[in-house]
Amino acid sequence: MSRELTYKDAVNEAIRLEMRRDSSVILIGEDVAGGAGNDLIPGALDAWGGPFGVTKDLVTEFGRERVIDSLLAETGFVGACIGATFAGMRPIAEIMYSDFIGTSFDQILNHAAKLRFTYGGKKSVPLVIRTVTGAGFRAGSEHSQMLISLYSHIPGLKVIAPSNAFDAKGLLISAIRDENPVIFMEHKRLYMRKSEVPTESYSIPIGVGDIKRYGQDITIVGVQKMVLTALDAAEQMAAQGIDAEVIDPRSYSPIDIDLICESVEKTGHLLIVDESHPRCSMATDIAGMVADRAFSSLKGPIKTLTGLHMPVPFSPPLEDHFIPSIQNVVEYSQKMLKGEKIAERI
Amino acid sequence: MSNVTEMLDNWKLMSLSREFDLYVKEFAQTDDAVGYLHTSIGQEASSVAIIKQLNQGDWMTSTYRNHSHGVARGLDLYRMVAELLGKETGYCGGLGGSMHIADQDINFIGSMGIVAGGIPIAAGAAWGSKMKGTNQVALCFFGEGAVHQGAFHEGLEFAIKFEAPVLFVCENNLYAESTSSKYHLLHESTIGYVDHFDIKTIKVDGNNFEAVEVAAKECFAYMRKEKKPAFLESMTYKLSGQYEGDKETYKSAEEVEYWKTQDPLKRYKARILETDPSVEARFEEIVNENRKTVVDAFERAAKDSYPEIPSMHRAVYLEKGDVA
């Protein structure tokens, strides 16, 4: 059976099902339940469920022993989660915003990602770090970053950034069952979007991309929310006789580069849309891999359409400008197919 | 200036911050409001009494809960509002937003959106000034949730080791987001997190303007004389939520009612009236004046333009020839 579910409820359901299935799965983070210290006040237990209410009602089912409000100390609780995996726990740690990862990054970069390799390929760290990404929320430069390429750069980490509720549930279940540290990115502007989601448990393999729209003329790879931007643009272009194929990698480390290359072999054109900063980005990474493997299939240069090389600006019109738009995707695609030069987006 | 005139001036500044935030709360209900809005309601005495001790040129850092700090530091309300709206006339040119209101032109370095982010930076400003041989000191605000962060402990230890004249002010408002300090603090007071070091500490009733003023004066005198850091815990309460839209179901009605009786504006007003009952009528006038200042600021800023795109490109790096 399936029904329409929001992205945030799909995330919630994945955690709930896995916590029911496996008593070693716990959830910890800042205000993931909320109201700690005031449990006798009606409404205090489960006051927040995280700032977006994503983990609402989990504490009422699993109790504070398994849904744990951390201290404001990411190095402490992320590091402790790493340690707890050695004792057989399978923690899900929530970093409230992707931007806050800095305060725990040593534990992730130098320890979670390396504890297997450095000790001769022994135990890994089955830890999921859930975090909230993305611009467009008028949240300013310290609450709007993607940082996906930062995570994907580090061998030993797996990185997932789903674009819809169905994928979010299936991939989060896979992440929780994975034996390695996984960064699971949830885009704040996708939380309220609905899609058809089965009620039962299911998993989507990490590292397998998905073609969200089949087409013949141009391959457009979207990164997380930009998948929706690409799909909207594809619909507009269909009316103009351009048949775009839209690919959602879903996982970024490992990444399903074969799926992208196969599509490029068919269409001969590749546009990658990523709201992150342009330098050393997922867009340039995918462009590089495709140039390496499928150069001879290309009928024109690979193009990247990204955010700008600057912190995310607060001012609404500037932030809107920062994020690639549907119109940008349409314009880039049209020009690419005509072989016209595209001016650098500034 | 007579004592009561000075008291009324202090109260006026506290009231200005309060009126600003009350208007922000109304504004937050409208479609014009964007982003996260964090008010300082209930914490005004602490902000005004402490910031009053700064000299021109002294450094300061704040947090995303910066409204009372901005008002107390004498920022122009109109430019604060403009920042909140993302207008080019805002203190950060619209690039920062409400969480980052600050004025680097007067050495108010920043309002950090990351908990504890400003702590080592404030210590460093004081340390740098000491190396430069100036007499500037630094003031660093944070909430009690910050004491768990590595940046807090490392910044504090740095300031002590390298004798940076910085006043660390923990505005302990009893909640880290929705989490009660009864849960998250492992000591009775945040001083428990620092007093294993050799650092001057004071704990004060942060809703008692005069008590904060005495404590802050003592801390600043010590810092300026000894060229060493100090730590002030100002006990207060956020009478509003973590951010606008927070339903605050984690607070009991009794607790909120109690803290309303401890409202710093009410308490200081009572003290002023004990000093001079004849000024009773002034309070309503002050509130009305402040309300008008706030409304005017919102109306004026609403008419301003959003920044142009080139301005954000110029803001990324400071190049030779740019005006800093």
# chains A, B, ... in the order shown; residues from 1 in each chain; ligands from 1

call {"tool": "closest_atom_pairs", "arguments": {"of": "chain A", "to": "chain B", "cutoff": "10 Å", "atoms": "only C-alpha atoms", "output": "Markdown table"}}
result
| residue | atom | partner | partner_atom | distance |
| --- | --- | --- | --- | --- |
| A:Glu30 | CA | B:Thr179 | CA | 8.4 |
| A:Asp31 | CA | B:Ser178 | CA | 6.5 |
| A:Val32 | CA | B:Ser178 | CA | 9.9 |
| A:Ala33 | CA | B:Ser178 | CA | 9.1 |
| A:Gly34 | CA | B:Ser178 | CA | 5.4 |
| A:Gly35 | CA | B:Tyr250 | CA | 4.8 |
| A:Ala36 | CA | B:Thr179 | CA | 5.0 |
| A:Gly37 | CA | B:Tyr183 | CA | 4.3 |
| A:Asn38 | CA | B:Tyr250 | CA | 6.5 |
| A:Asp39 | CA | B:Tyr250 | CA | 8.1 |
| A:Leu40 | CA | B:Ser252 | CA | 9.1 |
| A:Ile41 | CA | B:Ser252 | CA | 6.0 |
| A:Pro42 | CA | B:Thr249 | CA | 7.7 |
| A:Gly43 | CA | B:Thr249 | CA | 5.3 |
| A:Ala44 | CA | B:Tyr250 | CA | 3.9 |
| A:Leu45 | CA | B:Tyr250 | CA | 7.3 |
| A:Asp46 | CA | B:Tyr250 | CA | 8.6 |
| A:Ala47 | CA | B:Thr249 | CA | 5.8 |
| A:Trp48 | CA | B:Ser178 | CA | 7.1 |
| A:Gly50 | CA | B:Ser178 | CA | 9.5 |
| A:Pro51 | CA | B:Asp246 | CA | 9.0 |
| A:Asp69 | CA | B:Thr179 | CA | 7.9 |
| A:Ser70 | CA | B:His184 | CA | 8.1 |
| A:Leu71 | CA | B:His184 | CA | 6.0 |
| A:Leu72 | CA | B:His148 | CA | 5.7 |
| A:Ala73 | CA | B:Gln149 | CA | 4.9 |
| A:Glu74 | CA | B:Gln149 | CA | 7.6 |
| A:Thr75 | CA | B:Gly150 | CA | 7.5 |
| A:Gly76 | CA | B:Gln149 | CA | 8.5 |
| A:Tyr97 | CA | B:Ile114 | CA | 9.9 |
| A:Asp99 | CA | B:Ile114 | CA | 8.4 |
| A:Phe100 | CA | B:Ile114 | CA | 6.9 |
| A:Gly102 | CA | B:Ile114 | CA | 9.5 |
| A:Thr103 | CA | B:Gly150 | CA | 7.8 |
| A:Ser104 | CA | B:Gly150 | CA | 9.3 |
| A:Gly136 | CA | B:Gly35 | CA | 9.5 |
| A:Phe137 | CA | B:Gly35 | CA | 6.4 |
| A:Arg138 | CA | B:Gly35 | CA | 4.4 |
| A:Ala139 | CA | B:Gly35 | CA | 5.1 |
| A:Gly140 | CA | B:Gly96 | CA | 5.9 |
| A:Ser141 | CA | B:Gly96 | CA | 6.9 |
| A:Glu142 | CA | B:Gly113 | CA | 6.1 |
| A:His143 | CA | B:Gly113 | CA | 7.8 |
| A:Leu308 | CA | B:His313 | CA | 9.0 |
| A:His309 | CA | B:Val316 | CA | 8.2 |
| A:Met310 | CA | B:Val316 | CA | 5.9 |
| A:Pro311 | CA | B:Val316 | CA | 7.6 |
| A:Val312 | CA | B:Leu95 | CA | 8.2 |
| A:Pro313 | CA | B:Leu95 | CA | 4.8 |
| A:Phe314 | CA | B:Leu95 | CA | 4.9 |
| A:Ser315 | CA | B:Gly86 | CA | 4.0 |
| A:Pro316 | CA | B:Gly86 | CA | 6.6 |
| A:Pro317 | CA | B:Tyr306 | CA | 7.2 |
| A:Leu318 | CA | B:Ile309 | CA | 6.5 |
| A:Glu319 | CA | B:Leu95 | CA | 9.0 |
| A:His321 | CA | B:Ile309 | CA | 8.2 |
| A:Phe322 | CA | B:Ile309 | CA | 9.4 |
| A:Ile346 | CA | B:Ile309 | CA | 8.2 |

call {"tool": "residues_around", "arguments": {"residues": "B:Val294", "least_positions_apart": "4", "cutoff": "12 Å", "atoms": "only C-alpha atoms", "output": "PyMOL selection string"}}
result
chain B and resi 15-24+27+71+76-82+287-290+298-301

call {"tool": "residues_around", "arguments": {"residues": "stretch 327-331 of chain A", "least_positions_apart": "4", "cutoff": "7 Å", "atoms": "only C-alpha atoms", "output": "ChimeraX atom specification"}}
result
/A:230,233,237,335

call {"tool": "write_last_selection", "arguments": {"atoms": "N, CA and C atoms", "output": "CSV table (one decimal), in the first residue's frame"}}
result
chain,number,residue,atom,x,y,z
A,230,ALA,N,15.2,21.1,-12.7
A,230,ALA,CA,15.5,20.5,-14.0
A,230,ALA,C,14.2,19.9,-14.6
A,233,ALA,N,12.0,22.7,-15.8
A,233,ALA,CA,12.6,23.2,-17.0
A,233,ALA,C,12.3,22.3,-18.2
A,237,MET,N,10.5,23.0,-21.7
A,237,MET,CA,11.2,22.8,-23.0
A,237,MET,C,10.5,21.8,-23.9
A,335,LYS,N,20.7,27.0,-25.6
A,335,LYS,CA,22.0,27.5,-26.2
A,335,LYS,C,22.9,26.3,-26.4

call {"tool": "residues_around", "arguments": {"residues": "B:Glu44", "least_positions_apart": "6", "cutoff": "10 Å", "atoms": "only C-alpha atoms", "output": "compact mmCIF listing (two decimals) with C-alpha atoms, in the first residue's frame"}}
result
# COMPACT_ATOMS: atom_id res chain seq x y z
CA TRP B 11 15.26 52.68 30.83
CA LEU B 13 17.24 52.32 25.82
CA MET B 14 15.82 49.13 27.33
CA SER B 15 12.36 50.19 26.23
CA LEU B 16 13.61 50.96 22.73
CA SER B 17 14.90 47.41 22.45
CA ARG B 18 11.62 46.08 23.82
CA HIS B 67 18.56 42.87 18.77
CA SER B 68 19.07 44.16 22.32
CA HIS B 69 22.84 44.20 21.78
CA VAL B 71 20.09 48.75 20.25
CA ALA B 72 22.26 49.01 23.36
CA GLY B 206 20.52 39.82 34.88
CA ASN B 207 17.04 41.26 35.16
CA PHE B 209 19.62 46.60 35.87
CA THR B 236 17.87 36.11 32.71
CA LYS B 238 13.77 34.77 27.25
CA ASP B 263 10.53 41.63 33.67
CA PRO B 264 13.64 43.84 33.75
CA LEU B 265 11.75 46.88 32.50

call {"tool": "atom_distance", "arguments": {"atom1": "atom CA of B:Asn55", "atom2": "atom CA of B:Cys219"}}
result
13.7 Å

call {"tool": "select_by_dssp", "arguments": {"residues": "stretch 188-300 of chain A", "states": "strand (DSSP E)", "output": "MDAnalysis selection string"}}
result
chainID A and resid 194:198 210:213 218:222 244:248 251:253 270:274

call {"tool": "residues_around", "arguments": {"residues": "stretch 14-20 of chain A", "least_positions_apart": "5", "cutoff": "7 Å", "atoms": "only C-alpha atoms", "output": "PDB file with N, CA and C atoms, in the first residue's frame"}}
result
ATOM      1  N   VAL A  25      19.434   0.875  17.032  1.00  0.00           N
ATOM      2  CA  VAL A  25      19.334   2.172  16.343  1.00  0.00           C
ATOM      3  C   VAL A  25      18.815   3.215  17.334  1.00  0.00           C
ATOM      4  N   ILE A  26      19.568   4.296  17.465  1.00  0.00           N
ATOM      5  CA  ILE A  26      19.143   5.408  18.326  1.00  0.00           C
ATOM      6  C   ILE A  26      19.252   6.706  17.527  1.00  0.00           C
ATOM      7  N   LEU A  58       8.739  10.648  17.616  1.00  0.00           N
ATOM      8  CA  LEU A  58       9.614   9.480  17.797  1.00  0.00           C
ATOM      9  C   LEU A  58       9.881   9.252  19.280  1.00  0.00           C
ATOM     10  N   LYS A 169      12.961   7.998   1.940  1.00  0.00           N
ATOM     11  CA  LYS A 169      12.673   6.871   2.845  1.00  0.00           C
ATOM     12  C   LYS A 169      13.548   5.659   2.512  1.00  0.00           C
ATOM     13  N   LEU A 172      17.284   6.355   3.250  1.00  0.00           N
ATOM     14  CA  LEU A 172      17.629   6.483   4.675  1.00  0.00           C
ATOM     15  C   LEU A 172      17.644   5.097   5.328  1.00  0.00           C
ATOM     16  N   ILE A 173      16.717   4.255   4.925  1.00  0.00           N
ATOM     17  CA  ILE A 173      16.727   2.882   5.461  1.00  0.00           C
ATOM     18  C   ILE A 173      18.033   2.183   5.065  1.00  0.00           C
ATOM     19  N   SER A 201       8.328  -1.060   4.760  1.00  0.00           N
ATOM     20  CA  SER A 201       9.754  -0.764   4.683  1.00  0.00           C
ATOM     21  C   SER A 201      10.298  -1.199   3.317  1.00  0.00           C
TER      22      SER A 201
END

call {"tool": "select_by_dssp", "arguments": {"residues": "stretch 7-142 of chain A", "states": "helix (DSSP H, G or I)", "output": "JSON, numbers by chain"}}
result
{"A": [7, 8, 9, 10, 11, 12, 13, 14, 15, 16, 17, 18, 19, 20, 21, 58, 59, 60, 61, 62, 74, 75, 76, 77, 78, 79, 80, 81, 82, 83, 84, 85, 86, 98, 99, 100, 101, 102, 103, 104, 105, 106, 107, 108, 109, 110, 111, 112, 117, 118, 119]}

call {"tool": "closest_residue", "arguments": {"among": "A:Asp256, A:Asp274, A:Glu235, A:Asp22", "to": "A:Met289", "atoms": "only C-alpha atoms"}}
result
A:Asp256

call {"tool": "atom_distance", "arguments": {"atom1": "atom CA of A:Val125", "atom2": "atom CA of A:Thr284"}}
result
29.1 Å

call {"tool": "closest_residue", "arguments": {"among": "A:Gly170, A:Thr219, A:Glu186, A:Gln145", "to": "A:Tyr202", "atoms": "only C-alpha atoms"}}
result
A:Gly170

call {"tool": "closest_residue", "arguments": {"among": "A:Leu115, A:Val264, A:Val273, A:Ala168", "to": "A:His187", "atoms": "only C-alpha atoms"}}
result
A:Ala168

call {"tool": "residues_around", "arguments": {"residues": "A:Tyr191", "least_positions_apart": "5", "cutoff": "7 Å", "atoms": "only C-alpha atoms", "output": "count of residues only"}}
result
3
